[in-house]
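As provided, work.cif (mmCIF, C-alpha atoms) reads as follows.
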```cif
data_model
#
loop_
_atom_site.group_PDB
_atom_site.id
_atom_site.type_symbol
_atom_site.label_atom_id
_atom_site.label_comp_id
_atom_site.auth_asym_id
_atom_site.auth_seq_id
_atom_site.Cartn_x
_atom_site.Cartn_y
_atom_site.Cartn_z
ATOM 1 C CA MET A 16 20.410 -4.587 50.452
ATOM 2 C CA GLU A 17 23.847 -6.085 51.038
ATOM 3 C CA ARG A 18 25.029 -8.862 48.719
ATOM 4 C CA THR A 19 28.132 -10.865 49.586
ATOM 5 C CA PHE A 20 30.353 -12.553 46.986
ATOM 6 C CA ALA A 21 33.097 -15.094 47.574
ATOM 7 C CA PHE A 22 35.921 -15.061 45.041
ATOM 8 C CA LEU A 23 39.222 -16.886 44.618
ATOM 9 C CA GLY A 24 41.663 -14.668 46.459
ATOM 10 C CA PRO A 25 43.606 -12.976 47.760
ATOM 11 C CA ARG A 26 42.916 -9.495 46.406
ATOM 12 C CA GLY A 27 44.045 -8.883 42.859
ATOM 13 C CA THR A 28 42.920 -12.053 41.060
ATOM 14 C CA ASN A 29 41.195 -12.316 37.703
ATOM 15 C CA THR A 30 38.257 -13.810 39.579
ATOM 16 C CA GLU A 31 37.870 -10.602 41.564
ATOM 17 C CA GLU A 32 37.989 -8.575 38.344
ATOM 18 C CA ALA A 33 35.252 -10.773 36.852
ATOM 19 C CA ALA A 34 33.100 -10.389 39.963
ATOM 20 C CA ARG A 35 33.381 -6.603 39.906
ATOM 21 C CA LEU A 36 32.434 -6.325 36.234
ATOM 22 C CA ILE A 37 28.704 -6.217 36.847
ATOM 23 C CA PHE A 38 28.354 -6.317 40.626
ATOM 24 C CA ARG A 39 28.957 -2.672 41.416
ATOM 25 C CA GLY A 40 26.292 -1.843 43.980
ATOM 26 C CA GLU A 41 27.277 0.276 46.947
ATOM 27 C CA SER A 42 26.250 -2.539 49.286
ATOM 28 C CA ASP A 43 28.069 -5.319 47.392
ATOM 29 C CA VAL A 44 30.750 -6.967 49.536
ATOM 30 C CA PHE A 45 33.556 -9.086 48.058
ATOM 31 C CA ARG A 46 35.306 -11.633 50.258
ATOM 32 C CA PRO A 47 38.467 -13.447 49.134
ATOM 33 C CA TYR A 48 38.811 -17.161 49.824
ATOM 34 C CA ARG A 49 41.965 -19.232 49.487
ATOM 35 C CA THR A 50 40.689 -21.970 47.161
ATOM 36 C CA ILE A 51 37.875 -22.714 44.727
ATOM 37 C CA PRO A 52 36.312 -25.286 47.112
ATOM 38 C CA ASP A 53 36.423 -22.694 49.906
ATOM 39 C CA CYS A 54 34.448 -20.261 47.704
ATOM 40 C CA LEU A 55 31.847 -22.865 46.768
ATOM 41 C CA GLU A 56 31.455 -24.143 50.320
ATOM 42 C CA ALA A 57 31.034 -20.602 51.635
ATOM 43 C CA ALA A 58 28.070 -20.080 49.297
ATOM 44 C CA SER A 59 26.665 -23.558 49.925
ATOM 45 C CA GLU A 60 26.788 -23.076 53.703
ATOM 46 C CA GLY A 61 25.259 -19.579 53.589
ATOM 47 C CA LYS A 62 28.397 -17.742 54.724
ATOM 48 C CA VAL A 63 28.091 -15.619 51.571
ATOM 49 C CA ASP A 64 25.262 -15.133 49.095
ATOM 50 C CA TYR A 65 27.186 -16.032 45.934
ATOM 51 C CA ALA A 66 30.425 -17.626 44.760
ATOM 52 C CA VAL A 67 32.402 -16.487 41.718
ATOM 53 C CA VAL A 68 34.800 -19.133 40.390
ATOM 54 C CA PRO A 69 36.721 -19.888 37.164
ATOM 55 C CA TRP A 70 34.955 -22.354 34.869
ATOM 56 C CA GLU A 71 36.926 -22.676 31.621
ATOM 57 C CA ASN A 72 39.903 -21.132 29.833
ATOM 58 C CA SER A 73 40.185 -20.769 26.059
ATOM 59 C CA LEU A 74 43.771 -22.113 26.054
ATOM 60 C CA GLU A 75 43.775 -24.714 28.812
ATOM 61 C CA GLY A 76 40.187 -25.928 28.855
ATOM 62 C CA SER A 77 37.944 -26.569 31.818
ATOM 63 C CA VAL A 78 38.868 -25.952 35.429
ATOM 64 C CA ASN A 79 38.360 -29.516 36.627
ATOM 65 C CA LEU A 80 38.345 -28.581 40.308
ATOM 66 C CA THR A 81 35.318 -26.350 39.741
ATOM 67 C CA LEU A 82 33.569 -29.016 37.668
ATOM 68 C CA ASP A 83 34.140 -31.775 40.189
ATOM 69 C CA TRP A 84 32.950 -29.755 43.175
ATOM 70 C CA ILE A 85 29.783 -28.723 41.360
ATOM 71 C CA ILE A 86 29.152 -32.328 40.318
ATOM 72 C CA HIS A 87 30.048 -34.144 43.528
ATOM 73 C CA LYS A 88 30.116 -31.754 46.487
ATOM 74 C CA ILE A 89 27.557 -28.948 46.250
ATOM 75 C CA ASP A 90 24.142 -28.258 44.786
ATOM 76 C CA LEU A 91 24.071 -24.609 43.753
ATOM 77 C CA PRO A 92 22.549 -23.275 40.524
ATOM 78 C CA ILE A 93 24.628 -21.303 38.036
ATOM 79 C CA LEU A 94 23.197 -17.789 37.871
ATOM 80 C CA SER A 95 25.496 -16.009 35.411
ATOM 81 C CA GLU A 96 28.577 -16.404 33.240
ATOM 82 C CA LEU A 97 31.263 -13.721 32.938
ATOM 83 C CA ILE A 98 33.950 -13.894 30.236
ATOM 84 C CA ILE A 99 37.021 -11.686 30.486
ATOM 85 C CA PRO A 100 40.302 -11.454 28.560
ATOM 86 C CA ILE A 101 43.291 -12.745 30.491
ATOM 87 C CA SER A 102 46.778 -11.224 30.409
ATOM 88 C CA HIS A 103 49.663 -12.354 32.593
ATOM 89 C CA GLN A 104 52.415 -10.138 33.965
ATOM 90 C CA LEU A 105 55.824 -11.069 35.339
ATOM 91 C CA SER A 106 56.879 -9.257 38.505
ATOM 92 C CA CYS A 107 59.391 -9.415 41.338
ATOM 93 C CA ALA A 108 59.658 -7.882 44.782
ATOM 94 C CA LYS A 109 60.662 -4.233 44.920
ATOM 95 C CA ARG A 110 64.438 -4.067 45.226
ATOM 96 C CA GLU A 111 67.312 -1.635 44.753
ATOM 97 C CA TYR A 112 68.330 -3.067 41.366
ATOM 98 C CA PRO A 113 66.052 -4.692 38.781
ATOM 99 C CA LEU A 114 66.081 -8.480 38.784
ATOM 100 C CA ALA A 115 67.549 -9.938 35.584
ATOM 101 C CA LEU A 116 65.748 -12.986 34.199
ATOM 102 C CA PRO A 117 68.898 -15.186 34.187
ATOM 103 C CA ASP A 118 69.160 -14.609 37.949
ATOM 104 C CA VAL A 119 65.642 -15.827 38.719
ATOM 105 C CA THR A 120 65.572 -19.075 40.713
ATOM 106 C CA LYS A 121 61.825 -19.603 41.159
ATOM 107 C CA VAL A 122 58.579 -18.769 39.341
ATOM 108 C CA LEU A 123 55.403 -18.754 41.435
ATOM 109 C CA SER A 124 51.884 -18.891 40.014
ATOM 110 C CA HIS A 125 48.666 -20.868 39.628
ATOM 111 C CA PRO A 126 48.955 -24.001 37.426
ATOM 112 C CA GLN A 127 46.575 -22.559 34.806
ATOM 113 C CA ALA A 128 48.626 -19.369 34.487
ATOM 114 C CA VAL A 129 51.872 -21.326 34.198
ATOM 115 C CA ALA A 130 50.363 -23.446 31.421
ATOM 116 C CA GLN A 131 49.175 -20.333 29.580
ATOM 117 C CA CYS A 132 52.727 -18.909 29.649
ATOM 118 C CA HIS A 133 54.579 -22.122 28.801
ATOM 119 C CA GLY A 134 56.306 -20.676 25.727
ATOM 120 C CA PHE A 135 57.649 -17.612 27.549
ATOM 121 C CA LEU A 136 58.882 -19.729 30.453
ATOM 122 C CA ARG A 137 60.615 -22.163 28.137
ATOM 123 C CA ASP A 138 62.349 -19.368 26.211
ATOM 124 C CA HIS A 139 63.377 -17.163 29.139
ATOM 125 C CA LEU A 140 63.082 -19.007 32.460
ATOM 126 C CA SER A 141 63.711 -22.676 31.708
ATOM 127 C CA HIS A 142 66.411 -22.676 34.395
ATOM 128 C CA ALA A 143 64.000 -21.601 37.162
ATOM 129 C CA GLU A 144 61.992 -23.821 39.467
ATOM 130 C CA ILE A 145 58.196 -23.653 39.083
ATOM 131 C CA GLU A 146 56.165 -23.488 42.288
ATOM 132 C CA TYR A 147 52.386 -23.740 42.104
ATOM 133 C CA VAL A 148 50.272 -21.696 44.487
ATOM 134 C CA SER A 149 46.528 -21.292 45.017
ATOM 135 C CA SER A 150 46.098 -18.185 42.816
ATOM 136 C CA THR A 151 48.048 -15.700 40.727
ATOM 137 C CA ALA A 152 47.464 -12.978 43.314
ATOM 138 C CA GLU A 153 48.832 -15.263 46.022
ATOM 139 C CA ALA A 154 51.961 -15.609 43.887
ATOM 140 C CA ALA A 155 52.412 -11.824 43.775
ATOM 141 C CA ARG A 156 51.792 -11.553 47.507
ATOM 142 C CA LEU A 157 54.376 -14.219 48.349
ATOM 143 C CA VAL A 158 56.982 -12.725 46.047
ATOM 144 C CA SER A 159 56.434 -9.263 47.539
ATOM 145 C CA GLU A 160 57.124 -10.628 51.028
ATOM 146 C CA HIS A 161 60.398 -12.347 50.080
ATOM 147 C CA THR A 162 62.343 -9.279 49.061
ATOM 148 C CA GLU A 163 65.749 -10.985 49.298
ATOM 149 C CA GLU A 164 64.808 -13.929 47.100
ATOM 150 C CA PRO A 165 65.290 -13.864 43.279
ATOM 151 C CA TRP A 166 61.718 -14.991 42.728
ATOM 152 C CA VAL A 167 59.128 -13.853 40.204
ATOM 153 C CA ALA A 168 55.357 -14.124 40.048
ATOM 154 C CA ILE A 169 53.006 -14.598 37.122
ATOM 155 C CA SER A 170 49.840 -12.678 37.923
ATOM 156 C CA ALA A 171 47.171 -10.318 36.652
ATOM 157 C CA MET A 172 47.923 -6.609 36.367
ATOM 158 C CA GLN A 173 45.563 -5.865 39.249
ATOM 159 C CA ALA A 174 47.836 -7.929 41.516
ATOM 160 C CA VAL A 175 50.823 -5.853 40.350
ATOM 161 C CA HIS A 176 48.906 -2.760 41.478
ATOM 162 C CA THR A 177 47.760 -4.384 44.724
ATOM 163 C CA TYR A 178 51.098 -5.652 46.109
ATOM 164 C CA PRO A 179 54.521 -3.988 46.393
ATOM 165 C CA VAL A 180 56.108 -5.626 43.344
ATOM 166 C CA THR A 181 57.984 -4.384 40.287
ATOM 167 C CA LEU A 182 56.673 -5.200 36.824
ATOM 168 C CA LEU A 183 59.351 -6.970 34.736
ATOM 169 C CA LYS A 184 57.483 -8.127 31.626
ATOM 170 C CA GLU A 185 53.958 -7.441 30.399
ATOM 171 C CA ASN A 186 51.551 -9.781 28.607
ATOM 172 C CA ILE A 187 53.666 -12.936 28.687
ATOM 173 C CA GLU A 188 50.789 -15.293 27.799
ATOM 174 C CA ASP A 189 51.397 -17.491 24.759
ATOM 175 C CA ALA A 190 48.312 -16.390 22.800
ATOM 176 C CA GLU A 191 46.322 -13.179 22.521
ATOM 177 C CA ASN A 192 43.034 -15.052 22.305
ATOM 178 C CA ASN A 193 43.160 -15.915 26.003
ATOM 179 C CA PHE A 194 39.793 -15.676 27.733
ATOM 180 C CA THR A 195 38.443 -17.254 30.893
ATOM 181 C CA ARG A 196 34.814 -18.042 31.687
ATOM 182 C CA PHE A 197 33.765 -17.429 35.269
ATOM 183 C CA ILE A 198 30.441 -18.487 36.760
ATOM 184 C CA VAL A 199 28.366 -17.088 39.594
ATOM 185 C CA LEU A 200 26.536 -19.596 41.789
ATOM 186 C CA GLY A 201 24.078 -19.096 44.630
ATOM 187 C CA GLU A 202 20.670 -19.958 46.044
ATOM 188 C CA LYS A 203 19.246 -16.430 46.043
ATOM 189 C CA PRO A 204 17.823 -14.851 42.868
ATOM 190 C CA LEU A 205 20.241 -12.415 41.286
ATOM 191 C CA VAL A 206 19.195 -9.209 39.515
ATOM 192 C CA LEU A 207 21.424 -8.715 36.467
ATOM 193 C CA PRO A 208 21.618 -6.379 33.456
ATOM 194 C CA GLU A 209 19.901 -7.451 30.264
ATOM 195 C CA ALA A 210 21.974 -9.848 28.166
ATOM 196 C CA ASP A 211 21.797 -10.745 24.487
ATOM 197 C CA ALA A 212 22.805 -14.371 25.065
ATOM 198 C CA HIS A 213 21.871 -17.107 27.504
ATOM 199 C CA LYS A 214 22.994 -20.642 28.213
ATOM 200 C CA THR A 215 21.583 -23.640 29.996
ATOM 201 C CA THR A 216 23.905 -26.205 31.565
ATOM 202 C CA ILE A 217 22.969 -29.758 32.479
ATOM 203 C CA LEU A 218 24.699 -32.856 33.808
ATOM 204 C CA VAL A 219 23.810 -36.107 32.058
ATOM 205 C CA THR A 220 24.630 -39.585 33.351
ATOM 206 C CA LEU A 221 24.179 -42.334 30.788
ATOM 207 C CA PRO A 222 22.658 -45.728 31.559
ATOM 208 C CA SER A 223 25.366 -48.378 31.719
ATOM 209 C CA ASP A 224 23.428 -50.947 29.701
ATOM 210 C CA PHE A 225 22.259 -48.829 26.722
ATOM 211 C CA PRO A 226 24.606 -49.003 23.706
ATOM 212 C CA GLY A 227 24.607 -45.808 21.670
ATOM 213 C CA ALA A 228 23.045 -43.731 24.459
ATOM 214 C CA LEU A 229 25.372 -40.751 23.943
ATOM 215 C CA HIS A 230 24.492 -40.633 20.241
ATOM 216 C CA GLN A 231 20.793 -40.559 21.091
ATOM 217 C CA VAL A 232 21.365 -37.879 23.727
ATOM 218 C CA LEU A 233 22.981 -35.649 21.115
ATOM 219 C CA SER A 234 20.182 -36.426 18.678
ATOM 220 C CA ALA A 235 17.646 -35.059 21.183
ATOM 221 C CA PHE A 236 19.274 -31.657 20.698
ATOM 222 C CA SER A 237 20.105 -31.995 17.016
ATOM 223 C CA TRP A 238 16.618 -32.499 15.625
ATOM 224 C CA ARG A 239 15.362 -29.624 17.820
ATOM 225 C CA ARG A 240 18.104 -27.420 16.296
ATOM 226 C CA LEU A 241 19.557 -26.653 19.724
ATOM 227 C CA ASN A 242 23.243 -25.735 19.553
ATOM 228 C CA LEU A 243 25.644 -27.225 22.096
ATOM 229 C CA SER A 244 28.673 -25.055 22.864
ATOM 230 C CA ARG A 245 30.366 -27.665 25.063
ATOM 231 C CA ILE A 246 30.082 -31.312 25.971
ATOM 232 C CA GLU A 247 32.645 -32.647 28.416
ATOM 233 C CA SER A 248 33.039 -35.912 30.268
ATOM 234 C CA ARG A 249 34.053 -36.201 33.912
ATOM 235 C CA PRO A 250 34.496 -39.433 35.881
ATOM 236 C CA THR A 251 31.561 -40.483 38.058
ATOM 237 C CA LYS A 252 34.118 -41.838 40.577
ATOM 238 C CA THR A 253 32.179 -45.119 40.664
ATOM 239 C CA GLY A 254 34.452 -47.125 38.390
ATOM 240 C CA LEU A 255 36.777 -46.947 35.423
ATOM 241 C CA GLY A 256 34.963 -45.948 32.239
ATOM 242 C CA ASN A 257 31.923 -44.401 33.993
ATOM 243 C CA TYR A 258 31.325 -40.750 33.122
ATOM 244 C CA HIS A 259 29.056 -37.790 33.641
ATOM 245 C CA PHE A 260 28.638 -35.384 30.719
ATOM 246 C CA VAL A 261 28.475 -31.632 31.306
ATOM 247 C CA ILE A 262 26.559 -30.049 28.438
ATOM 248 C CA ASP A 263 26.236 -26.324 27.668
ATOM 249 C CA ILE A 264 23.207 -25.459 25.522
ATOM 250 C CA GLU A 265 23.040 -22.059 23.823
ATOM 251 C CA HIS A 266 19.395 -21.580 24.714
ATOM 252 C CA LYS A 267 17.502 -20.134 27.643
ATOM 253 C CA MET A 268 15.272 -22.513 29.576
ATOM 254 C CA ASP A 269 11.831 -22.568 27.955
ATOM 255 C CA ASP A 270 8.543 -24.428 28.254
ATOM 256 C CA VAL A 271 8.837 -26.676 25.195
ATOM 257 C CA LEU A 272 12.212 -27.378 23.553
ATOM 258 C CA LEU A 273 14.468 -28.027 26.524
ATOM 259 C CA PRO A 274 11.887 -29.869 28.675
ATOM 260 C CA GLY A 275 11.173 -32.055 25.644
ATOM 261 C CA ALA A 276 14.846 -32.832 25.160
ATOM 262 C CA PHE A 277 15.287 -33.640 28.851
ATOM 263 C CA ALA A 278 12.248 -35.937 28.825
ATOM 264 C CA GLU A 279 13.580 -37.731 25.755
ATOM 265 C CA MET A 280 16.915 -38.359 27.475
ATOM 266 C CA GLU A 281 15.242 -39.578 30.650
ATOM 267 C CA ALA A 282 13.149 -41.989 28.553
ATOM 268 C CA LEU A 283 16.458 -43.530 27.464
ATOM 269 C CA GLY A 284 17.317 -44.155 31.113
ATOM 270 C CA CYS A 285 19.636 -41.159 31.470
ATOM 271 C CA GLN A 286 19.791 -39.086 34.625
ATOM 272 C CA VAL A 287 19.519 -35.373 33.852
ATOM 273 C CA ARG A 288 20.532 -32.802 36.466
ATOM 274 C CA PHE A 289 19.754 -29.164 35.759
ATOM 275 C CA LEU A 290 22.719 -26.935 36.694
ATOM 276 C CA GLY A 291 21.317 -23.577 35.653
ATOM 277 C CA THR A 292 20.018 -21.278 32.933
ATOM 278 C CA TYR A 293 21.757 -17.921 32.909
ATOM 279 C CA PRO A 294 22.815 -14.790 31.010
ATOM 280 C CA VAL A 295 26.261 -14.542 29.434
ATOM 281 C CA PHE A 296 28.402 -11.401 29.586
ATOM 282 C CA ILE A 297 31.737 -10.785 27.892
ATOM 283 C CA LYS A 298 34.292 -8.006 28.252
ATOM 284 C CA LYS A 299 36.203 -6.986 25.135
ATOM 285 C CA ARG A 300 39.959 -7.165 25.366
ATOM 286 C CA ASN A 301 40.579 -3.585 24.262
ATOM 287 C CA GLY A 302 37.494 -2.056 25.857
ATOM 288 C CA VAL A 303 36.863 -0.801 29.333
ATOM 289 C CA GLU A 304 33.105 -1.289 29.389
ATOM 290 C CA LEU A 305 31.314 -4.557 29.810
ATOM 291 C CA SER A 306 30.185 -5.820 26.417
ATOM 292 C CA LEU A 307 27.434 -8.325 25.755
ATOM 293 C CA ARG A 308 28.033 -11.277 23.487
ATOM 294 C CA SER A 309 26.388 -10.635 20.118
#
```
What does the file become when written as structure tokens?
Amino acid sequence: MERTFAFLGPRGTNTEEAARLIFRGESDVFRPYRTIPDCLEAASEGKVDYAVVPWENSLEGSVNLTLDWIIHKIDLPILSELIIPISHQLSCAKREYPLALPDVTKVLSHPQAVAQCHGFLRDHLSHAEIEYVSSTAEAARLVSEHTEEPWVAISAMQAVHTYPVTLLKENIEDAENNFTRFIVLGEKPLVLPEADAHKTTILVTLPSDFPGALHQVLSAFSWRRLNLSRIESRPTKTGLGNYHFVIDIEHKMDDVLLPGAFAEMEALGCQVRFLGTYPVFIKKRNGVELSLRS
């Protein structure tokens, strides 16, 4: 049975690599989309079965565009989380003579990738203009098409192999411990390998007239000994100082603990929106096989 996956394109992005980690069926089809909202809308409108989008980076934090679209624009459950190591490569269009870094006039990449390579850019390319594009693979594609321009792209290695570019510098990210979480969303059930770890993600909106509500929300998890791996605020867009809270719980949805915690929060006047309960997979940096979080 054919399964279709939208990913942030074009071909050669880290998002595509994440999608192909565990979705390897002969009938799996991967379709690149230009932006994160395009991926999410494609899945929401039934143009594809699932969307694979970046969720959080270990150096730069959450991908706010993904968060805001999930909160405000679509209603799709999270079905899986994929964590992969991220390395960034510097490349230029294929040319007769190698491009020297002092001659570079423009660096193209996604804002997250630029931020993750800030130290390298400051040390070696502070003279060059930075141009943000929709993805790292799009940066490599654009650079490859402008063969006469002294431009460089920051992209994943798969983009270097996908487009006619020359690799100038490898692994230019500022820290080795650079991982990105990707999530898979969709309406249809998804058959996945067994995983050793699971998470549940919810969206909590506090009552405006209940002092100390956030403290009591956290207490609902604390006394049940439920570990929270992330709690993050995002504006409700209804007024200054009004926030939603995205909460990741390191526990699979059950019949007692989590429903009890949700009921306790709702008794406080909070709105609780269930975003998904899902398995977590992680790929080791120096391994080629998919590894489960221990």
Can you work out which one of A:His142, A:His213, A:His133, A:His103 has the shortest atom-to-atom distance to Asp118 (chain A), counting all atoms listed in the file? A:His142
Do you know which residues are at most 10 Å from Pro250 (chain A) counting all atoms listed in the file, after dropping those on the same chain fewer than 2 positions away, and could you put them as a PyMOL selection string? chain A and resi 83+86+248+252-260
Taking 5 positions as the minimum chain separation for residues in the same chain, which residues sit within 10 Å of Ser59 (chain A) when counting only C-alpha atoms? Answer as a VMD selection string. chain A and resid 53 to 54 64 to 66 88 to 91 200 to 202
Within 12 Å of Ala276 (chain A) using all atoms listed in the file, minus same-chain residues under 5 positions, as a PDB file with C-alpha atoms, in the frame of the given file:
```
ATOM      1  CA  ILE A 217      22.969 -29.758  32.479  1.00  0.00           C
ATOM      2  CA  VAL A 219      23.810 -36.107  32.058  1.00  0.00           C
ATOM      3  CA  GLN A 231      20.793 -40.559  21.091  1.00  0.00           C
ATOM      4  CA  VAL A 232      21.365 -37.879  23.727  1.00  0.00           C
ATOM      5  CA  LEU A 233      22.981 -35.649  21.115  1.00  0.00           C
ATOM      6  CA  SER A 234      20.182 -36.426  18.678  1.00  0.00           C
ATOM      7  CA  ALA A 235      17.646 -35.059  21.183  1.00  0.00           C
ATOM      8  CA  PHE A 236      19.274 -31.657  20.698  1.00  0.00           C
ATOM      9  CA  SER A 237      20.105 -31.995  17.016  1.00  0.00           C
ATOM     10  CA  TRP A 238      16.618 -32.499  15.625  1.00  0.00           C
ATOM     11  CA  ARG A 239      15.362 -29.624  17.820  1.00  0.00           C
ATOM     12  CA  ARG A 240      18.104 -27.420  16.296  1.00  0.00           C
ATOM     13  CA  LEU A 241      19.557 -26.653  19.724  1.00  0.00           C
ATOM     14  CA  ILE A 264      23.207 -25.459  25.522  1.00  0.00           C
ATOM     15  CA  MET A 268      15.272 -22.513  29.576  1.00  0.00           C
ATOM     16  CA  ASP A 269      11.831 -22.568  27.955  1.00  0.00           C
ATOM     17  CA  ASP A 270       8.543 -24.428  28.254  1.00  0.00           C
ATOM     18  CA  VAL A 271       8.837 -26.676  25.195  1.00  0.00           C
ATOM     19  CA  GLU A 281      15.242 -39.578  30.650  1.00  0.00           C
ATOM     20  CA  ALA A 282      13.149 -41.989  28.553  1.00  0.00           C
ATOM     21  CA  LEU A 283      16.458 -43.530  27.464  1.00  0.00           C
ATOM     22  CA  CYS A 285      19.636 -41.159  31.470  1.00  0.00           C
ATOM     23  CA  VAL A 287      19.519 -35.373  33.852  1.00  0.00           C
TER      24      VAL A 287
END
```
Could you tell me which residues the PyMOL selection byres ((chain A and resi 263) around 6) returns for this structure, as a PyMOL selection string? chain A and resi 215-216+243-245+262+264
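Once Phe194 (chain A) and its same-chain neighbours fewer than 6 positions away are set aside, Glu71, Asn72, Ser73, Leu74, Ile98, Ile99, Pro100, Ile101, Ser102 and Arg300 of chain A remain within 9 Å of it when counting only C-alpha atoms.
Closest approach to Val119 (chain A) from the set A:Glu163, A:Val68, A:Leu94, A:His87 is made by A:Glu163, with distances taken over all atoms listed in the file.
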Evaluate the PyMOL selection byres ((chain A and resi 34) around 10) and record the selected residues as a JSON list (two decimals) with C-alpha atoms, in the coordinates of the input, following the chain and residue labels used in the document.
```
[["chain", "number", "residue", "atom", "x", "y", "z"],
["A", 20, "PHE", "CA", 30.35, -12.55, 46.99],
["A", 21, "ALA", "CA", 33.10, -15.09, 47.57],
["A", 22, "PHE", "CA", 35.92, -15.06, 45.04],
["A", 29, "ASN", "CA", 41.20, -12.32, 37.70],
["A", 30, "THR", "CA", 38.26, -13.81, 39.58],
["A", 31, "GLU", "CA", 37.87, -10.60, 41.56],
["A", 32, "GLU", "CA", 37.99, -8.57, 38.34],
["A", 33, "ALA", "CA", 35.25, -10.77, 36.85],
["A", 35, "ARG", "CA", 33.38, -6.60, 39.91],
["A", 36, "LEU", "CA", 32.43, -6.32, 36.23],
["A", 37, "ILE", "CA", 28.70, -6.22, 36.85],
["A", 38, "PHE", "CA", 28.35, -6.32, 40.63],
["A", 39, "ARG", "CA", 28.96, -2.67, 41.42],
["A", 45, "PHE", "CA", 33.56, -9.09, 48.06],
["A", 66, "ALA", "CA", 30.42, -17.63, 44.76],
["A", 67, "VAL", "CA", 32.40, -16.49, 41.72],
["A", 68, "VAL", "CA", 34.80, -19.13, 40.39],
["A", 97, "LEU", "CA", 31.26, -13.72, 32.94],
["A", 197, "PHE", "CA", 33.76, -17.43, 35.27],
["A", 198, "ILE", "CA", 30.44, -18.49, 36.76],
["A", 199, "VAL", "CA", 28.37, -17.09, 39.59]]
```
Which of A:Ser106, A:Glu96, A:Ala154, A:Tyr48 sits closest to Lys298 (chain A) [using all atoms listed in the file]: A:Glu96
Determine the residue set returned by the PyMOL selection byres ((chain A and resi 159) around 6) for the present structure, and present it as a short mmCIF file (atom, residue, chain, number, x, y, z; two decimals) with C-alpha atoms, in the coordinates of the input.
```cif
data_model
loop_
_atom_site.label_atom_id
_atom_site.label_comp_id
_atom_site.auth_asym_id
_atom_site.auth_seq_id
_atom_site.Cartn_x
_atom_site.Cartn_y
_atom_site.Cartn_z
CA ALA A 108 59.66 -7.88 44.78
CA ARG A 156 51.79 -11.55 47.51
CA LEU A 157 54.38 -14.22 48.35
CA VAL A 158 56.98 -12.72 46.05
CA GLU A 160 57.12 -10.63 51.03
CA HIS A 161 60.40 -12.35 50.08
CA PRO A 179 54.52 -3.99 46.39
CA VAL A 180 56.11 -5.63 43.34
#
```
Env of Thr177 (chain A): 8 Å cut, atoms = only C-alpha atoms, seq-sep filter 4 positions within chain, self excluded. Answer as a count of residues only. 3
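Checking A:Thr251, A:Ala143, A:Pro25, A:Thr81 one by one against Ala174 (chain A), counting only C-alpha atoms, you find the shortest gap at A:Pro25.
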